[in-house]
Amino acid sequence: MTPQTSSIDPRALLRQMFDAAIASAQPAHCVPPHLPERPSGRLIVVGAGKASAAMAQAVEAHWRGPLEGLVVTRAGYGVPCTRVEIVEAAHPVPDAAGLAAAARILDKVRGLSADDTVLCLISGGGSALMPLPLGGITLADKQAISRALLKSGASISEINCVRRHLSAIKGGRLAAACHPARVVSLLISDVPGDDPCDIASGPTVADPSTCADALTVLQRYAIALPDAVRAVLESGRGESIKPGDQRLARASATLVATPQCALEAAAAVARAAGVTPHILGDSIEGEARELGKAMAGIARQVAQRGQPFAPPCVLLSGGETTVTVRGKGCGGRNVDFLLSLGLALAGEPRVYALAGDTDGVDGMVDIAGAMLAPDTLRRARAQGLRPQASLDDNDAHAFFGALGDAVVTGPTLTNVNDLRAILIL
């Protein structure tokens with residue numbers, strides 16, 4: 001470290017940036033400014049996602065008037081509400097609790113009048129939490145396809161394209177069921193590009209993709225299809241609600257928190273510590289370990305040559321990478337990225353990193369991510385760990401856990417996707 005940076009605790013600073021990113025997307029902060037005007041009829045609150053319960057709580061705290069409703073969130077992400085019922089269900093593989101909640105949500109919005117307003121609270125995770133399949137498709141069918149897609153390396157956009165065309169509630173169908181009521185959707189984005197179609201698979205927005213697009217995705221990743229699923233897609237019976245549908249004429253959608261906002265919050269923390277932040281992008285995708293190699297090359301150039309940025313600085317990025325699970329481990333795109341980054345850096349001095357999911361869950365594990373330091377590989381080998389073997393086996397969570405370098409937040413009650421911070425001192 002230089003005299004300029006000798007007072008910086010790299011691990012503490014990285015964690016402060018991550019915590020600031022999460023705080024920036026808390027529903028109590030971002031939901032109240034976007035509440036609709038009070039309707040002459042009823043206000044019905046519905047929603048799904050890892051942030052939906054906290055969003056409902058924020059609505060209750062600031063709404064002056066009667067309201068009722070139901071939202072479904074991930075198990076462990078519920079918060080106390082008095083007028084909105086909170087249901088907890090499984091994520092990322094859907095379960096019967098989510099199925100029942102989705103059916104009840106549809107029931108709540110049917111038969112409304114033009115004087116009523118439906119406030120839809122939508123956040124990442126909502127796709128798995130509202131698994132209401134089209135007729136002929138079973139929950140078991142959807143579970144099998146979900147598991148296969150999650151391991152396949154498919155992007156979130158591709159996965160959600162499939163989900164929209166197998167669902168009775170996604171792809172605009174929830175908003176269509178609300179007609180003729182006004183529909184106001186507040187969205188916390190967890191997807192690259194912030195496309196409302198991909199946030200919880202777009203239950204309240206029109207969808208231009210088709211059943212043929214969904215079939216193409218499934219074929220691309222060689223996903224085995226139950227006969228009922230193939231029949232729905234090949235017949236076109238799974239077509240979603242398209243742009244221009246009059247049932248969505250009174251529907252609006254507003255982004256209240258995004259990955260970019262989280263990156264800017266992390267950047268502000270770095271700047272206050274005397275470290276120059278550089279935001280490289282909020283929608284970076286691709287295979288996690290390949291991105292790790294690429295980012296290692298950039299970080300090494302900064303550390304050794306002061307190009308394209310001079311230290312001390314932090315390289316910030318967001319988005320959602322993918323992991324093709326081929327080993328016996330449980331995957332996790334942030335830890336896969338981080339271990340690949342560490343292997344490529346090979347102990348490069350003065351380079352530290354954190355990668356984590358702002359919802360507190362990386363892949364199938366209730367761990368947000370991990371930290372990397374110049375001595376990570378040395379400490380690992382001293383313990384008898386084999387970093388490359390751990391990466392090859394998709395077992396990076398166990399690797400960082402053994403070193404005590406896992407980042408554990410518990411339920412964050414929000415979700416604006418991943419944050420990767422590479423600190424060069």
# chains A, B, ... in the order shown; residues from 1 in each chain; ligands from 1
>>> residues_around(residues="A:Val205", least_positions_apart="3", cutoff="12 Å", atoms="only C-alpha atoms", output="PyMOL selection string")
chain A and resi 120+122+164+169-177+183-187+195-202+208-209+240-254
>>> residues_around(residues="stretch 51-55 of chain A", least_positions_apart="2", cutoff="10 Å", atoms="only C-alpha atoms", output="PyMOL selection string")
chain A and resi 25-32+46-49+57-61+70-74+77-81+84-88+120-126+186-188+359+411-416
>>> closest_residue(among="A:Asp366, A:Glu285, A:Asp393, A:Asp375", to="A:Lys328", atoms="only C-alpha atoms")
A:Asp393
>>> residues_around(residues="A:Ala128", least_positions_apart="3", cutoff="8 Å", atoms="only C-alpha atoms", output="VMD selection string")
chain A and resid 90 to 94 98 125 131 200
>>> select_by_dssp(residues="stretch 36-267 of chain A", states="alpha helix (DSSP H)", output="ChimeraX atom specification")
/A:52-62,96-109,126-129,139-152,156-164,173-178,211-220,227-235,259-267
>>> residues_around(residues="A:Pro180", least_positions_apart="5", cutoff="7 Å", atoms="only C-alpha atoms", output="list in words")
Leu112, Ser113, Ala114 and Arg247 of chain A
>>> write_last_selection(atoms="N, CA and C atoms", output="short mmCIF file (atom, residue, chain, number, x, y, z; two decimals), in the first residue's frame")
data_model
loop_
_atom_site.label_atom_id
_atom_site.label_comp_id
_atom_site.auth_asym_id
_atom_site.auth_seq_id
_atom_site.Cartn_x
_atom_site.Cartn_y
_atom_site.Cartn_z
N LEU A 112 -63.02 -6.63 -10.31
CA LEU A 112 -62.87 -5.25 -9.86
C LEU A 112 -63.53 -4.28 -10.83
N SER A 113 -63.72 -3.05 -10.38
CA SER A 113 -64.35 -2.02 -11.23
C SER A 113 -63.31 -0.99 -11.66
N ALA A 114 -63.72 -0.11 -12.54
CA ALA A 114 -62.83 0.95 -13.02
C ALA A 114 -62.47 1.93 -11.92
N ARG A 247 -56.60 -4.62 -22.37
CA ARG A 247 -56.71 -4.92 -20.94
C ARG A 247 -55.57 -4.30 -20.13
#
